[in-house]
file final.cif (mmCIF, C-alpha atoms)
data_target
loop_
_atom_site.label_atom_id
_atom_site.label_comp_id
_atom_site.auth_asym_id
_atom_site.auth_seq_id
_atom_site.Cartn_x
_atom_site.Cartn_y
_atom_site.Cartn_z
CA MET O 162 31.14 2.89 -15.31
CA ARG O 163 28.73 3.41 -12.41
CA LYS O 164 28.28 0.42 -10.18
CA ASN O 165 24.84 -0.79 -9.33
CA ARG O 166 23.50 -0.76 -5.77
CA THR O 167 24.42 -4.35 -4.97
CA GLU O 168 28.02 -3.94 -6.11
CA SER O 169 28.64 -0.66 -4.32
CA GLY O 170 26.88 -1.74 -1.14
CA ASN O 171 26.07 1.81 -0.01
CA LYS O 172 27.95 1.24 3.26
CA CYS O 173 26.87 4.42 5.08
CA GLU O 174 27.73 4.19 8.76
CA ASN O 175 25.59 7.19 9.79
CA LEU O 176 22.96 9.58 8.47
CA SER O 177 25.55 12.09 7.23
CA CYS O 178 25.51 10.19 3.92
CA TYR O 179 21.98 11.53 3.35
CA ARG O 180 22.63 15.12 4.43
CA VAL O 181 23.98 16.36 1.13
CA LEU O 182 22.91 20.03 1.13
CA ASP O 183 25.44 22.85 1.48
CA ASP O 184 24.78 26.00 3.53
CA THR O 185 23.26 27.97 0.64
CA GLU O 186 20.95 25.12 -0.30
CA LYS O 187 19.93 24.72 3.34
CA ASN O 188 18.94 28.39 3.52
CA ILE O 189 16.84 28.05 0.37
CA ILE O 190 15.16 24.93 1.71
CA ILE O 191 14.40 26.67 5.01
CA TRP O 192 12.80 29.58 3.17
CA ILE O 193 10.69 27.31 0.94
CA CYS O 194 9.52 25.07 3.79
CA CYS O 195 8.65 27.92 6.16
CA LEU O 196 6.79 29.95 3.54
CA ALA O 197 5.01 27.08 1.77
CA GLY O 198 4.31 25.27 5.02
CA SER O 199 2.73 28.31 6.69
CA ILE O 200 0.61 29.21 3.65
CA THR O 201 -0.50 25.59 3.21
CA PHE O 202 -1.50 25.26 6.85
CA LEU O 203 -3.52 28.50 6.97
CA GLU O 204 -5.26 27.89 3.64
CA ASN O 205 -6.37 24.38 4.43
CA ILE O 206 -7.41 25.17 8.00
CA LEU O 207 -9.61 27.89 6.52
CA VAL O 208 -11.16 25.40 4.09
CA LEU O 209 -11.86 22.92 6.90
CA VAL O 210 -13.43 25.63 9.08
CA VAL O 211 -15.67 26.86 6.26
CA ILE O 212 -16.89 23.36 5.38
CA GLY O 213 -17.24 22.40 9.03
CA THR O 214 -19.42 25.42 9.86
CA SER O 215 -21.69 25.03 6.83
CA GLU O 216 -24.35 22.35 7.25
CA ARG O 217 -25.18 22.50 3.55
CA LEU O 218 -21.60 21.90 2.44
CA ARG O 219 -21.14 19.02 4.89
CA LYS O 220 -24.00 17.17 3.23
CA ARG O 221 -22.48 17.23 -0.25
CA PRO O 222 -20.00 14.53 -1.33
CA SER O 223 -17.94 16.98 -3.38
CA TYR O 224 -17.09 19.04 -0.32
CA LEU O 225 -16.41 15.97 1.80
CA PHE O 226 -13.69 15.03 -0.70
CA ILE O 227 -12.34 18.58 -0.60
CA ALA O 228 -12.32 18.39 3.22
CA SER O 229 -10.36 15.12 3.04
CA LEU O 230 -7.87 16.82 0.71
CA ALA O 231 -7.57 19.79 3.05
CA MET O 232 -6.99 17.51 6.05
CA ALA O 233 -4.21 15.66 4.21
CA ASP O 234 -2.59 18.95 3.22
CA VAL O 235 -2.77 20.23 6.81
CA LEU O 236 -0.89 17.10 7.88
CA ALA O 237 1.62 17.62 5.05
CA SER O 238 2.20 21.24 6.09
CA THR O 239 2.79 20.09 9.67
CA PHE O 240 4.88 16.95 9.23
CA PHE O 241 6.97 17.66 6.14
CA PRO O 242 8.64 21.01 7.01
CA ILE O 243 9.45 19.99 10.59
CA ILE O 244 10.77 16.51 9.82
CA PHE O 245 12.48 17.51 6.57
CA LEU O 246 14.32 20.45 8.13
CA GLU O 247 15.19 18.50 11.27
CA PHE O 248 16.76 15.78 9.14
CA HIS O 249 18.75 17.97 6.74
CA LEU O 250 19.82 20.67 9.20
CA SER O 251 20.92 18.38 12.02
CA ASN O 252 24.68 18.23 12.63
CA ASP O 253 24.41 15.07 14.72
CA SER O 254 26.35 12.32 12.94
CA LYS O 255 24.89 9.58 15.13
CA ASN O 256 22.27 7.26 13.74
CA GLU O 257 18.71 7.96 14.81
CA ASN O 258 16.68 5.10 16.19
CA PRO O 259 15.28 3.36 13.07
CA LYS O 260 11.79 3.04 14.55
CA ILE O 261 11.62 6.74 15.41
CA TYR O 262 12.85 7.71 11.96
CA LEU O 263 10.42 5.38 10.20
CA PHE O 264 7.55 6.70 12.34
CA LYS O 265 8.38 10.25 11.23
CA LEU O 266 8.77 9.17 7.62
CA GLY O 267 5.45 7.32 7.86
CA GLY O 268 3.73 10.53 8.94
CA VAL O 269 5.03 12.40 5.89
CA THR O 270 4.16 9.49 3.59
CA MET O 271 0.66 9.30 5.06
CA ALA O 272 0.05 13.01 4.47
CA PHE O 273 1.16 12.98 0.84
CA THR O 274 -0.50 9.65 0.08
CA GLY O 275 -3.76 10.93 1.55
CA SER O 276 -3.43 14.13 -0.48
CA VAL O 277 -2.97 12.33 -3.80
CA GLY O 278 -5.69 9.82 -2.91
CA SER O 279 -8.10 12.65 -2.12
CA LEU O 280 -7.26 14.24 -5.46
CA LEU O 281 -8.25 10.96 -7.09
CA LEU O 282 -11.58 10.91 -5.22
CA THR O 283 -12.21 14.52 -6.27
CA SER O 284 -11.49 13.73 -9.93
CA MET O 285 -13.80 10.69 -9.78
CA ASP O 286 -16.52 12.88 -8.28
CA ARG O 287 -16.20 15.36 -11.12
CA TYR O 288 -16.16 12.57 -13.68
CA LEU O 289 -19.42 11.14 -12.33
CA CYS O 290 -20.94 14.62 -12.13
CA ILE O 291 -20.35 15.19 -15.84
CA CYS O 292 -20.29 11.79 -17.52
CA GLN O 293 -22.99 10.19 -15.36
CA ALA O 294 -25.03 13.31 -14.66
CA PRO O 295 -28.52 11.68 -14.62
CA ARG O 296 -27.41 9.05 -12.07
CA TYR O 297 -24.93 11.17 -10.14
CA LYS O 298 -26.97 11.51 -6.94
CA LEU O 299 -27.82 7.81 -6.96
CA LEU O 300 -24.24 6.69 -7.59
CA LEU O 301 -22.54 9.02 -5.13
CA THR O 302 -24.49 9.42 -1.93
CA ARG O 303 -23.11 11.01 1.22
CA ARG O 304 -22.84 7.59 2.86
CA ARG O 305 -20.84 6.16 -0.04
CA SER O 306 -18.55 9.18 -0.12
CA LEU O 307 -17.83 8.79 3.62
CA LEU O 308 -17.12 5.09 3.12
CA GLY O 309 -14.77 5.95 0.26
CA ILE O 310 -12.92 8.51 2.36
CA SER O 311 -12.67 6.09 5.30
CA ALA O 312 -11.33 3.32 3.05
CA LEU O 313 -8.82 5.74 1.53
CA TRP O 314 -7.39 6.76 4.90
CA ILE O 315 -7.27 3.23 6.29
CA LEU O 316 -5.37 2.08 3.21
CA THR O 317 -3.16 5.16 3.37
CA ILE O 318 -2.17 4.51 6.98
CA VAL O 319 -1.39 0.84 6.31
CA ILE O 320 0.73 1.62 3.23
CA SER O 321 2.56 4.52 4.88
CA PHE O 322 3.64 2.63 7.99
CA LEU O 323 4.61 -0.67 6.35
CA PRO O 324 8.35 0.02 6.94
CA LEU O 325 7.64 0.64 10.62
CA PHE O 326 5.57 -2.55 10.80
CA GLY O 327 8.52 -4.58 9.53
CA TRP O 328 9.02 -4.08 5.78
CA ARG O 329 12.32 -2.27 6.18
CA GLN O 330 15.97 -2.72 5.37
CA ARG O 331 17.80 -3.82 8.50
CA GLU O 332 21.29 -3.52 7.01
CA PRO O 333 22.87 -1.96 3.90
CA PRO O 334 22.27 -1.52 1.05
CA TYR O 335 19.59 1.06 1.93
CA SER O 336 17.76 3.36 -0.39
CA GLN O 337 19.99 6.33 -1.13
CA LEU O 338 17.10 8.69 -0.53
CA PHE O 339 15.76 7.32 2.77
CA PRO O 340 17.75 5.31 5.33
CA TYR O 341 16.31 2.05 6.68
CA VAL O 342 13.88 1.86 3.75
CA LYS O 343 13.82 -1.05 1.35
CA PRO O 344 14.28 0.13 -2.25
CA GLN O 345 11.48 -2.27 -3.24
CA TYR O 346 9.03 -0.53 -0.89
CA MET O 347 9.96 2.88 -2.22
CA GLY O 348 9.61 1.66 -5.80
CA CYS O 349 6.17 0.20 -5.07
CA TRP O 350 5.01 3.42 -3.42
CA ALA O 351 6.30 5.58 -6.26
CA GLY O 352 4.68 3.26 -8.81
CA LEU O 353 1.37 3.43 -6.93
CA MET O 354 1.48 7.24 -6.92
CA LEU O 355 2.23 7.30 -10.65
CA VAL O 356 -0.77 5.03 -11.30
CA VAL O 357 -3.01 7.31 -9.21
CA LEU O 358 -1.75 10.39 -11.07
CA PHE O 359 -2.46 8.64 -14.37
CA LEU O 360 -6.03 7.89 -13.25
CA ILE O 361 -6.50 11.54 -12.31
CA LEU O 362 -5.23 12.68 -15.70
CA ALA O 363 -7.50 10.15 -17.43
CA ALA O 364 -10.55 11.33 -15.48
CA TYR O 365 -10.01 14.95 -16.43
CA ALA O 366 -9.26 14.01 -20.03
CA LEU O 367 -12.59 12.15 -20.21
CA ILE O 368 -14.36 15.16 -18.69
CA LEU O 369 -12.90 17.45 -21.34
CA TRP O 370 -13.73 14.96 -24.11
CA LYS O 371 -17.31 14.63 -22.89
CA ALA O 372 -17.77 18.38 -22.67
CA HIS O 373 -16.29 18.92 -26.13
CA HIS O 374 -18.55 16.35 -27.78
CA HIS O 375 -21.58 17.72 -25.97
CA GLU O 376 -20.75 21.22 -27.20
CA ALA O 377 -20.22 19.92 -30.75
CA ALA O 378 -23.72 18.43 -30.69
CA MET O 379 -25.12 21.71 -29.40
CA GLU O 380 -23.45 23.56 -32.27
CA THR O 381 -25.84 21.98 -34.80
CA PRO O 382 -27.83 24.91 -36.22
CA LYS O 383 -31.38 25.04 -34.93
CA PRO O 384 -34.12 27.61 -35.55
CA GLY O 385 -34.17 30.27 -32.90
CA ARG O 386 -30.70 29.53 -31.51
CA SER O 387 -28.61 32.70 -31.44
CA THR O 388 -25.00 32.95 -32.50
CA LYS O 389 -24.24 34.70 -29.22
CA GLY O 390 -25.22 31.58 -27.27
CA ARG O 391 -22.80 29.44 -29.24
CA HIS O 392 -20.01 31.95 -28.67
CA ASP O 393 -20.77 31.99 -24.93
CA ARG O 394 -20.53 28.21 -24.76
CA MET O 395 -17.28 28.32 -26.70
CA ARG O 396 -15.83 30.72 -24.14
CA VAL O 397 -16.93 28.42 -21.33
CA ASP O 398 -15.24 25.47 -23.04
CA ILE O 399 -12.04 27.44 -23.46
CA ARG O 400 -12.14 28.36 -19.80
CA LEU O 401 -12.80 24.75 -18.82
CA ALA O 402 -9.89 23.52 -20.94
CA GLN O 403 -7.59 26.15 -19.42
CA THR O 404 -8.63 25.24 -15.88
CA LEU O 405 -8.22 21.50 -16.39
CA GLY O 406 -4.93 22.09 -18.16
CA PHE O 407 -3.71 24.11 -15.17
CA ILE O 408 -4.74 21.32 -12.78
CA LEU O 409 -2.88 18.70 -14.80
CA LEU O 410 0.19 20.92 -15.18
CA ILE O 411 0.38 21.45 -11.40
CA LEU O 412 0.16 17.71 -10.77
CA VAL O 413 2.85 16.83 -13.30
CA VAL O 414 5.29 19.56 -12.26
CA CYS O 415 4.94 18.94 -8.53
CA TRP O 416 4.92 15.14 -8.44
CA VAL O 417 6.58 13.57 -11.46
CA PRO O 418 10.17 14.77 -10.73
CA SER O 419 10.24 13.29 -7.21
CA LEU O 420 8.57 10.04 -8.23
CA THR O 421 10.90 9.65 -11.21
CA ILE O 422 14.00 9.99 -9.04
CA MET O 423 12.56 7.47 -6.57
CA VAL O 424 12.03 4.95 -9.37
CA VAL O 425 15.58 5.55 -10.64
CA ASP O 426 16.97 4.97 -7.14
CA VAL O 427 15.51 1.47 -7.19
CA SER O 428 17.42 0.55 -10.32
CA ARG O 429 20.81 2.17 -9.77
CA GLU O 430 22.94 4.16 -7.35
CA LEU O 431 22.37 7.91 -7.25
CA ASN O 432 25.17 10.46 -7.00
CA ARG O 433 25.18 13.38 -4.57
CA SER O 434 23.94 15.84 -7.17
CA GLU O 435 20.88 13.68 -7.81
CA GLN O 436 20.28 13.43 -4.07
CA ARG O 437 20.35 17.23 -3.79
CA VAL O 438 17.93 17.55 -6.70
CA PHE O 439 15.56 15.16 -4.97
CA ALA O 440 15.61 17.29 -1.81
CA PHE O 441 14.38 20.30 -3.80
CA CYS O 442 11.88 18.20 -5.78
CA GLY O 443 10.43 17.01 -2.47
CA THR O 444 9.50 20.59 -1.60
CA LEU O 445 7.41 20.74 -4.79
CA CYS O 446 5.04 18.23 -3.20
CA LEU O 447 4.53 20.72 -0.37
CA VAL O 448 3.98 23.49 -2.92
CA ASN O 449 1.28 21.31 -4.49
CA SER O 450 -0.45 21.14 -1.11
CA ALA O 451 -0.35 24.96 -0.99
CA VAL O 452 -1.91 25.23 -4.45
CA ASN O 453 -4.67 22.65 -3.86
CA PRO O 454 -7.00 24.95 -1.86
CA LEU O 455 -6.79 27.61 -4.57
CA VAL O 456 -7.55 25.13 -7.36
CA TYR O 457 -10.08 22.80 -5.77
CA ALA O 458 -11.72 24.68 -2.89
CA LEU O 459 -11.70 28.46 -3.24
CA ARG O 460 -12.77 28.27 -6.90
CA CYS O 461 -16.08 26.74 -5.79
CA ARG O 462 -18.84 29.32 -5.74
CA GLU O 463 -20.72 27.77 -2.82
CA LEU O 464 -17.61 27.55 -0.68
CA ARG O 465 -16.75 31.17 -1.41
CA ARG O 466 -20.28 32.16 -0.44
CA ALA O 467 -19.98 30.18 2.81
CA LEU O 468 -16.62 31.85 3.48
CA LEU O 469 -18.09 35.32 3.04
CA THR O 470 -20.97 34.43 5.35
CA LEU O 471 -18.51 33.18 7.96
CA LEU O 472 -16.41 36.35 7.68
CA ARG O 473 -19.50 38.51 8.13
CA ARG O 474 -20.38 36.60 11.28
CA VAL O 475 -16.87 36.95 12.65
CA ARG O 476 -16.87 40.68 11.96
CA GLY O 477 -20.22 41.03 13.67
CA ALA O 478 -21.94 42.25 10.50
CA CYS O 479 -24.96 40.02 11.13
CA SER O 480 -27.17 41.72 13.66
CA PRO O 481 -30.11 39.83 15.29
CA GLY O 482 -32.61 41.60 13.04
CA ASN O 483 -30.60 41.28 9.85
CA THR O 484 -31.31 38.06 7.98
CA ALA O 485 -29.44 38.95 4.79
CA CYS O 486 -26.30 37.09 5.75
CA VAL O 487 -27.75 34.42 8.02
CA SER O 488 -27.54 30.94 6.57
CA GLY O 489 -30.87 29.18 6.69
CA PRO O 490 -33.15 26.91 4.70
CA LYS O 491 -34.66 29.74 2.69
CA ASN O 492 -31.32 31.28 1.82
CA ASP O 493 -29.85 27.87 0.98
CA LYS O 494 -32.80 27.12 -1.28
CA HIS O 495 -32.43 30.49 -2.98
CA ALA O 496 -28.68 29.91 -3.43
CA GLU O 497 -29.31 26.50 -4.97
CA GLN O 498 -31.84 27.97 -7.40
CA THR O 499 -29.37 30.71 -8.33
CA ASP O 500 -26.62 28.17 -8.99
CA ARG O 501 -28.89 26.17 -11.29
CA LYS O 502 -29.75 29.03 -13.63
CA ASP O 503 -28.67 28.79 -17.24
CA ARG O 504 -26.98 25.38 -17.05
CA ASP O 505 -27.18 24.77 -20.78
CA THR O 506 -24.09 22.62 -21.22
CA LEU O 507 -22.07 20.00 -19.42
CA SER O 508 -19.06 22.26 -19.29
CA GLU O 509 -21.14 25.01 -17.68
CA SER O 510 -22.36 22.50 -15.08
CA LEU O 511 -18.81 21.56 -14.17
CA ASP O 512 -17.72 25.16 -14.24
CA ARG O 513 -20.46 26.29 -11.87
CA GLN O 514 -20.27 23.36 -9.46
CA HIS O 515 -16.53 23.01 -9.13
CA LEU O 516 -14.37 25.34 -11.16
CA ASP O 517 -16.12 28.69 -11.09
#

call {"tool": "encode", "arguments": {"input": "final.cif", "output": "structure tokens"}}
result
Amino acid sequence: MRKNRTESGNKCENLSCYRVLDDTEKNIIIWICCLAGSITFLENILVLVVIGTSERLRKRPSYLFIASLAMADVLASTFFPIIFLEFHLSNDSKNENPKIYLFKLGGVTMAFTGSVGSLLLTSMDRYLCICQAPRYKLLLTRRRSLLGISALWILTIVISFLPLFGWRQREPPYSQLFPYVKPQYMGCWAGLMLVVLFLILAAYALILWKAHHHEAAMETPKPGRSTKGRHDRMRVDIRLAQTLGFILLILVVCWVPSLTIMVVDVSRELNRSEQRVFAFCGTLCLVNSAVNPLVYALRCRELRRALLTLLRRVRGACSPGNTACVSGPKNDKHAEQTDRKDRDTLSESLDRQHLD
């Protein structure tokens, strides 16, 4: 019968107890971290540059939340691969200074916490856009969105560096996943992330429910309404459901395995196989950061348009006398009018604003 943590004591004298990967597993981890880390960094830097160079996008709360998400994922792509590989590939059996290790771990925790928190802000933005459409601009101003982002990052920094500030385990038993970390802290962080993921899932479920009921009301036969219009709206709803389903699937696959193992580690002692599984599950969080720009940013029509404009400028396609690709008030106004055409349903509104 497996002993619990208190009985076994987990008397690791050095960090070799946590370096459980064999040579083949190390090579796989290196490949995943280098590939996913590079792609994540380049994607999210591109998103930040596009939003930063577009005055129109910088004024909209939706894109401020996407920028916050991109910033968190840039940090994740920088901190996680370097610190993760340094830890697991090091052959030094000596203990690292606890404060240095906890500072590094705090950086990784801050990046991933900020990423999940930004996903929550994005889901709340979409919920208000659909379920509180008439009051959306009053409820979510640019000032309030900036305050929300600032509060998120302040809270993220405080939570992430709590072990460094003193809430750490000074002697065994440690967590079997992270040295010098109190199992209670890790359990609280994992529980918080699970709650945030649940709120994200609930927000998207409410969006889908609202869109479905709105479409059902629109399906009531009325004189002059064509069958083709109803079929078009049905296709939009199917597309919306598929997109939201993909978002939720990515979140569950990338985050739930790691968080589940962290919760289990609080209650009992893990074996080496479970520790190795956790190492690979941790890379899924980085993969999620690589997928985020594709799901949340580059699917936005306005951001794609701003990206194309930026690329034309970089390539020198915009000559002084050519105003076709120069961003200005008239072009922005025309783009806004184009985006607003044919918004007959709530699902179409969401699809055009965020998920096109």

call {"tool": "closest_residue", "arguments": {"input": "final.cif", "among": "O:Leu369, O:Leu236, O:Val438, O:Ala228", "to": "Gly213 of chain O", "atoms": "only C-alpha atoms"}}
result
O:Ala228

call {"tool": "residues_near_point", "arguments": {"input": "final.cif", "point": "(6.1, 2.9, 9.5)", "cutoff": "12 Å", "atoms": "all atoms listed in the file", "output": "JSON, numbers by chain"}}
result
{"O": [259, 260, 261, 262, 263, 264, 265, 266, 267, 268, 269, 270, 271, 317, 318, 319, 320, 321, 322, 323, 324, 325, 326, 327, 328, 329, 341, 342, 343, 346]}

call {"tool": "atom_distance", "arguments": {"input": "final.cif", "atom1": "atom CA of Arg473 of chain O", "atom2": "atom CA of Glu216 of chain O"}}
result
16.9 Å

call {"tool": "resolve_selection", "arguments": {"input": "final.cif", "expression": "the PyMOL selection byres ((chain O and resi 464) around 9)", "output": "CSV table (one decimal) with C-alpha atoms, in the coordinates of the input"}}
result
chain,number,residue,atom,x,y,z
O,208,VAL,CA,-11.2,25.4,4.1
O,211,VAL,CA,-15.7,26.9,6.3
O,212,ILE,CA,-16.9,23.4,5.4
O,215,SER,CA,-21.7,25.0,6.8
O,218,LEU,CA,-21.6,21.9,2.4
O,224,TYR,CA,-17.1,19.0,-0.3
O,458,ALA,CA,-11.7,24.7,-2.9
O,459,LEU,CA,-11.7,28.5,-3.2
O,460,ARG,CA,-12.8,28.3,-6.9
O,461,CYS,CA,-16.1,26.7,-5.8
O,462,ARG,CA,-18.8,29.3,-5.7
O,463,GLU,CA,-20.7,27.8,-2.8
O,465,ARG,CA,-16.8,31.2,-1.4
O,466,ARG,CA,-20.3,32.2,-0.4
O,467,ALA,CA,-20.0,30.2,2.8
O,468,LEU,CA,-16.6,31.8,3.5
O,469,LEU,CA,-18.1,35.3,3.0

call {"tool": "closest_residue", "arguments": {"input": "final.cif", "among": "O:Val448, O:Leu358, O:Leu420, O:Cys194", "to": "Phe240 of chain O", "atoms": "all atoms listed in the file"}}
result
O:Cys194

call {"tool": "resolve_selection", "arguments": {"input": "final.cif", "expression": "the PyMOL selection byres ((chain O and resi 282) around 10)", "output": "list in words"}}
result
Pro222, Ser223, Leu225, Phe226, Ile227, Ser229, Leu230, Ser276, Val277, Gly278, Ser279, Leu280, Leu281, Thr283, Ser284, Met285, Asp286, Arg287, Tyr288, Ser306, Gly309, Ile310, Leu313 and Ile361 of chain O
